[in-house]
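Chemist: Below you will find the structure I want to go over with you.
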Amino acid sequence: MLDIKMIRDQTDLVKNRLASRHAGDEAKIDEILALDDQRRTALTEVEQLKATRNKVSKEIGALMGQKKIAEADAKKAETKQIGDRISELDKTVESTESARNSKMLEIPNLPNEKVKIGKTAEDNPEIRVHGNKLDYSFKPKTHVELCEKLKLIDFARAAKISGSGYLLYTGWGARLERALIQFLLDLHTTEHGYTEVSPPFMVKAECMEGVGQFPKFKDQYYGIAVGDDTKELGKLYLIPTAETPVANIHREEILKESELPIYYCAYTPCFRGEAGAAGVGTRGMIRVHQFDKVELIKITKPEHGYEELEKLVTNAEKVLQLLGLHYRVIQLCTGDMGFASALTYDIEVWSPGQDQYLEVSSCSNCEDFQSRRMSLRYKTEAGENKFPHILNGSGTALARLFVSLIETHQQPDGSINIPAALQPYLKADKIPCPA
C-alpha cells in the first residue's frame, strides 16, 4: 500500500510513476484523494463539535449551579443535537476511510526511478548472461519426450487424477525433484545465511492482501472450503508461493532494529489457478497449477534494500551456476513488473529442448509497500517506528529448473548426466536410459 501522505503531498509524482506501468491506475488517485478529503473534512468538523460540546457542557454546569433550569435544559438539547451530528460524522469518517483504504489496496507499487519505462517483456533490458548455449551432436529432445522415455513423469495419469495442469513424478523423476529441493535448501541455509522455515500451505485472506495478491488477483487463486460448507469458503486459501506465508510471519509486529536484516528460506508447493489461461491443457511442465518452489524472503532496513536485492539475485544465480546451466538476468520494465514490486530482476534459464529461455526466478524489492499493507514495522534506536523493505525471490522454481536440467544434460543415448553438486542428493551421477 502506498503512503497516503505521499499521495497527498506528491500527487503528480505518484500519478506519473503509476502511468509508467501503462495500466491506468493513475486515474484512481483523484478518487482516493476525494475520499480522503471527505474523511479529513468530517474529522475536522467532529473535533470542532466536540470542543463546542465541551464548552456547552461547562455552561450547563454553571447554569445548574445558578438554578437556571430552563436555560440549562435548552443547552442540554443543544448538546444532544451536537452529539447526533458527531455520530453522523463518525459514520462518514468510517465509511470514507473504508472506501479510501479499499481503493488504495487496488493501487500497485510505484516503480523505482531506476526501472526502465516500457510496456511489455520486449522492453526488458538484459543485465548479464552466464555461460553459453551448448552445441549438441544430436537434436535435443524436449522434456516431455525425456520424461516419457525415462518414466520421470506420468502426464496421462496425473490428468486422470486431477485434470490438466498437474504432474505425477515417478521413479527417477520423483527422486530428482526431492534431490533438487534438498539441494536448494541446503545451499541457501548453509552458504547464503537464510533461516529455514516450513510454513502452512493455507493462509488467511489478509495474508494474501498483505503481499498484494488480493484484491486484484483474487480470481486466480484457490479458496478452501471444509467439505461442502460454502460458509467456510474464502477463510483460507492455498498459497500461490511461499512468499505469502513467509513474508507475513511478522505481520502486525514492531521488530527491533537490531533484529534486521531477517533472511528466511522455505520450500512449499505452489497452487495457481491462472495457469489454465495459458493453454495448460497441453502436456508439459512449463505452466502447471501445482509446482514446487524454494522461496527466499528478506526483511531489511530501507537504506539496505537495494544492496540486499543484488545479493538475493546472486544467491539465486548460484543455483544455476552449480547445476551447469546457461542463463540470463533481465530487469523488468515498468509495464512488465509485478503488482507489489518496485524493482524486479528475472533470471531466465536456457532450455535447449524448448529452444527458449524459461523464467526460474523473479527477485523483487517491494520497498515498504507490503510492510504497510501488513502493518509490519521496526523501532529504530532513536525510538522511531519505520516500515522495513520486504524482498522476495525464487531460489528457485522447481518445475522449470527440472525442465532445463534434464534438457541441458541429456546425452546421445537418452540418459541424463547429473551435475556434481547434485550427485550427493540424488546419490547417482546419471539417470540411466531404460534397457
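To be explicit about the labels: the chains of the C-alpha cells are called A, B, and onward in the order shown, and within each one the residues are counted from 1, while ligands get numbers from 1 in the order they are shown.
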Can you pull out every residue from range 237-338 of chain A that DSSP, working from the backbone, puts in alpha helix (DSSP H), and format the result as a PyMOL selection string?
Modeler: chain A and resi 243-247+305-322
Chemist: Could you please take those selected residues and save C-alpha atoms as a CSV table (one decimal), in the first residue's frame?
Modeler:
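Output saved as again.csv:
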chain,number,residue,atom,x,y,z
A,243,GLU,CA,6.2,-15.6,-0.2
A,244,THR,CA,2.6,-15.4,1.0
A,245,PRO,CA,3.0,-17.1,4.4
A,246,VAL,CA,6.7,-16.3,5.0
A,247,ALA,CA,6.6,-12.5,4.3
A,305,GLY,CA,17.1,-2.7,0.5
A,306,TYR,CA,18.8,-2.5,-2.9
A,307,GLU,CA,22.1,-3.8,-1.7
A,308,GLU,CA,20.2,-6.8,-0.3
A,309,LEU,CA,18.4,-7.2,-3.6
A,310,GLU,CA,21.6,-7.6,-5.5
A,311,LYS,CA,22.7,-10.3,-3.0
A,312,LEU,CA,19.4,-12.0,-3.4
A,313,VAL,CA,19.8,-12.3,-7.1
A,314,THR,CA,23.4,-13.6,-6.7
A,315,ASN,CA,22.0,-16.3,-4.3
A,316,ALA,CA,19.5,-17.4,-6.9
A,317,GLU,CA,22.1,-17.4,-9.7
A,318,LYS,CA,24.4,-19.6,-7.7
A,319,VAL,CA,21.9,-22.4,-8.1
A,320,LEU,CA,22.1,-22.3,-11.8
A,321,GLN,CA,25.9,-22.0,-11.8
A,322,LEU,CA,26.3,-25.1,-9.7
Chemist: Give me the residues near range 377-379 of chain A as a list of chain:residue names, where near means some atom within 8 Å (using only C-alpha atoms) and where sequence neighbours in that chain fewer than 3 positions away do not count.
Modeler: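 Answer for this query is A:Glu252, A:Glu253, A:Ile254, A:Leu255, A:Lys256, A:Glu257, A:Ser371, A:Ala382, A:Gly383, A:Glu384, A:Asn385, A:Lys386, A:Phe387, A:Pro388.
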Chemist: Could you please take those selected residues and save N, CA and C atoms as an mmCIF file, in the first residue's frame?
Modeler:
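See result10.cif below for the written result:
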data_model
loop_
_atom_site.group_PDB
_atom_site.id
_atom_site.type_symbol
_atom_site.label_atom_id
_atom_site.label_comp_id
_atom_site.auth_asym_id
_atom_site.auth_seq_id
_atom_site.Cartn_x
_atom_site.Cartn_y
_atom_site.Cartn_z
ATOM 1 N N GLU A 252 1.884 -7.220 11.621
ATOM 2 C CA GLU A 252 1.322 -6.570 12.820
ATOM 3 C C GLU A 252 2.285 -6.597 14.007
ATOM 4 N N GLU A 253 3.595 -6.688 13.727
ATOM 5 C CA GLU A 253 4.601 -6.653 14.785
ATOM 6 C C GLU A 253 5.466 -5.401 14.642
ATOM 7 N N ILE A 254 6.111 -5.041 15.738
ATOM 8 C CA ILE A 254 7.134 -3.997 15.713
ATOM 9 C C ILE A 254 8.446 -4.662 16.106
ATOM 10 N N LEU A 255 9.330 -4.847 15.154
ATOM 11 C CA LEU A 255 10.607 -5.504 15.391
ATOM 12 C C LEU A 255 11.621 -4.522 15.956
ATOM 13 N N LYS A 256 12.647 -5.050 16.564
ATOM 14 C CA LYS A 256 13.767 -4.217 16.997
ATOM 15 C C LYS A 256 14.695 -3.989 15.803
ATOM 16 N N GLU A 257 15.281 -2.822 15.736
ATOM 17 C CA GLU A 257 16.205 -2.531 14.638
ATOM 18 C C GLU A 257 17.346 -3.537 14.605
ATOM 19 N N SER A 371 5.013 -4.066 3.689
ATOM 20 C CA SER A 371 5.049 -3.879 5.142
ATOM 21 C C SER A 371 3.936 -2.930 5.600
ATOM 22 N N ALA A 382 16.543 5.335 17.867
ATOM 23 C CA ALA A 382 16.063 6.648 18.312
ATOM 24 C C ALA A 382 14.603 6.600 18.752
ATOM 25 N N GLY A 383 13.968 5.408 18.620
ATOM 26 C CA GLY A 383 12.587 5.249 19.066
ATOM 27 C C GLY A 383 11.539 5.500 18.007
ATOM 28 N N GLU A 384 11.949 5.693 16.762
ATOM 29 C CA GLU A 384 11.003 5.942 15.677
ATOM 30 C C GLU A 384 10.544 4.622 15.067
ATOM 31 N N ASN A 385 9.246 4.506 14.808
ATOM 32 C CA ASN A 385 8.709 3.328 14.140
ATOM 33 C C ASN A 385 8.749 3.541 12.626
ATOM 34 N N LYS A 386 9.375 2.618 11.909
ATOM 35 C CA LYS A 386 9.516 2.730 10.456
ATOM 36 C C LYS A 386 9.094 1.435 9.785
ATOM 37 N N PHE A 387 8.727 1.564 8.517
ATOM 38 C CA PHE A 387 8.367 0.389 7.728
ATOM 39 C C PHE A 387 9.612 -0.159 7.038
ATOM 40 N N PRO A 388 9.900 -1.460 7.179
ATOM 41 C CA PRO A 388 11.067 -2.041 6.514
ATOM 42 C C PRO A 388 10.782 -2.336 5.052
#
Chemist: Measuring between only C-alpha atoms, which one of A:Gln331, A:Ser362, A:Gln182, A:Thr380 shows the shortest distance to Glu126 in chain A?
Modeler: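 Among the listed residues, the smallest separation from Glu126 in chain A belongs to A:Gln331.
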Chemist: Residues of range 346-425 of chain A in strand (DSSP E) according to DSSP, as a short mmCIF file (atom, residue, chain, number, x, y, z; two decimals) with N, CA and C atoms, in the first residue's frame?
Modeler:
data_model
loop_
_atom_site.label_atom_id
_atom_site.label_comp_id
_atom_site.auth_asym_id
_atom_site.auth_seq_id
_atom_site.Cartn_x
_atom_site.Cartn_y
_atom_site.Cartn_z
N ASP A 346 14.46 -10.71 -13.26
CA ASP A 346 14.09 -12.09 -13.59
C ASP A 346 15.33 -12.85 -14.04
N ILE A 347 15.44 -14.09 -13.60
CA ILE A 347 16.51 -14.97 -14.08
C ILE A 347 15.86 -16.00 -14.98
N GLU A 348 16.35 -16.07 -16.22
CA GLU A 348 15.79 -16.97 -17.21
C GLU A 348 16.83 -18.00 -17.63
N VAL A 349 16.50 -19.26 -17.45
CA VAL A 349 17.43 -20.34 -17.77
C VAL A 349 17.14 -20.86 -19.17
N TRP A 350 18.21 -21.26 -19.88
CA TRP A 350 18.05 -21.75 -21.24
C TRP A 350 17.56 -23.17 -21.24
N SER A 351 16.58 -23.44 -22.09
CA SER A 351 16.01 -24.77 -22.23
C SER A 351 16.20 -25.22 -23.67
N GLN A 356 14.24 -22.02 -25.93
CA GLN A 356 13.84 -20.73 -25.38
C GLN A 356 14.32 -20.60 -23.93
N TYR A 357 14.30 -19.36 -23.45
CA TYR A 357 14.59 -19.10 -22.05
C TYR A 357 13.32 -19.27 -21.22
N LEU A 358 13.47 -19.81 -20.01
CA LEU A 358 12.36 -20.00 -19.10
C LEU A 358 12.65 -19.27 -17.79
N GLU A 359 11.70 -18.51 -17.31
CA GLU A 359 11.88 -17.82 -16.03
C GLU A 359 11.88 -18.84 -14.90
N VAL A 360 12.95 -18.85 -14.11
CA VAL A 360 13.02 -19.74 -12.95
C VAL A 360 13.12 -18.98 -11.64
N SER A 361 13.36 -17.67 -11.73
CA SER A 361 13.44 -16.87 -10.52
C SER A 361 13.06 -15.44 -10.83
N SER A 362 12.27 -14.87 -9.94
CA SER A 362 11.92 -13.45 -10.01
C SER A 362 12.27 -12.85 -8.67
N CYS A 363 13.18 -11.89 -8.65
CA CYS A 363 13.69 -11.31 -7.41
C CYS A 363 13.29 -9.84 -7.33
N SER A 364 12.56 -9.48 -6.30
CA SER A 364 11.98 -8.13 -6.22
C SER A 364 12.24 -7.47 -4.88
N ASN A 365 12.41 -6.15 -4.93
CA ASN A 365 12.32 -5.33 -3.73
C ASN A 365 10.97 -4.63 -3.79
N ARG A 377 6.39 -3.13 11.23
CA ARG A 377 7.30 -2.01 11.44
C ARG A 377 8.51 -2.46 12.27
N TYR A 378 9.50 -1.59 12.32
CA TYR A 378 10.60 -1.81 13.25
C TYR A 378 10.90 -0.50 13.96
N LYS A 379 11.38 -0.61 15.19
CA LYS A 379 11.67 0.58 16.01
C LYS A 379 13.16 0.87 15.93
N ASN A 385 9.25 4.51 14.81
CA ASN A 385 8.71 3.33 14.14
C ASN A 385 8.75 3.54 12.63
N LYS A 386 9.38 2.62 11.91
CA LYS A 386 9.52 2.73 10.46
C LYS A 386 9.09 1.44 9.79
N HIS A 389 11.84 -2.59 4.29
CA HIS A 389 11.71 -3.12 2.94
C HIS A 389 11.53 -4.63 3.04
N ILE A 390 10.66 -5.18 2.20
CA ILE A 390 10.49 -6.62 2.11
C ILE A 390 10.88 -7.06 0.70
N LEU A 391 11.77 -8.04 0.63
CA LEU A 391 12.26 -8.56 -0.64
C LEU A 391 11.85 -10.02 -0.77
N ASN A 392 11.61 -10.44 -2.00
CA ASN A 392 11.32 -11.84 -2.24
C ASN A 392 12.02 -12.30 -3.51
N GLY A 393 12.34 -13.59 -3.54
CA GLY A 393 12.97 -14.15 -4.73
C GLY A 393 12.83 -15.66 -4.76
N SER A 394 12.64 -16.20 -5.96
CA SER A 394 12.59 -17.65 -6.11
C SER A 394 14.01 -18.19 -6.05
N GLY A 395 14.18 -19.22 -5.23
CA GLY A 395 15.54 -19.69 -5.10
C GLY A 395 15.83 -21.15 -5.42
N THR A 396 15.14 -21.85 -6.34
CA THR A 396 14.33 -21.31 -7.44
C THR A 396 13.04 -22.12 -7.60
N ALA A 397 12.27 -21.83 -8.68
CA ALA A 397 11.09 -22.62 -9.01
C ALA A 397 11.53 -23.95 -9.61
N ILE A 416 20.56 -39.00 -18.65
CA ILE A 416 20.74 -37.63 -18.15
C ILE A 416 21.93 -37.60 -17.20
N ASN A 417 22.94 -36.81 -17.54
CA ASN A 417 24.06 -36.62 -16.61
C ASN A 417 23.62 -35.71 -15.46
#
Chemist: Which residue gives the smallest distance to Leu49 in chain A among A:Ile69, A:Ile86, A:Leu422, A:Ile29, with only C-alpha atoms counted?
Modeler: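 Comparing A:Ile69, A:Ile86, A:Leu422, A:Ile29 against Leu49 in chain A, the winner is A:Ile86.
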Chemist: Between A:Val197, A:Ile299, A:Val56, A:Met104, which is the closest to Lys216 in chain A once you count only C-alpha atoms?
Modeler: A:Met104
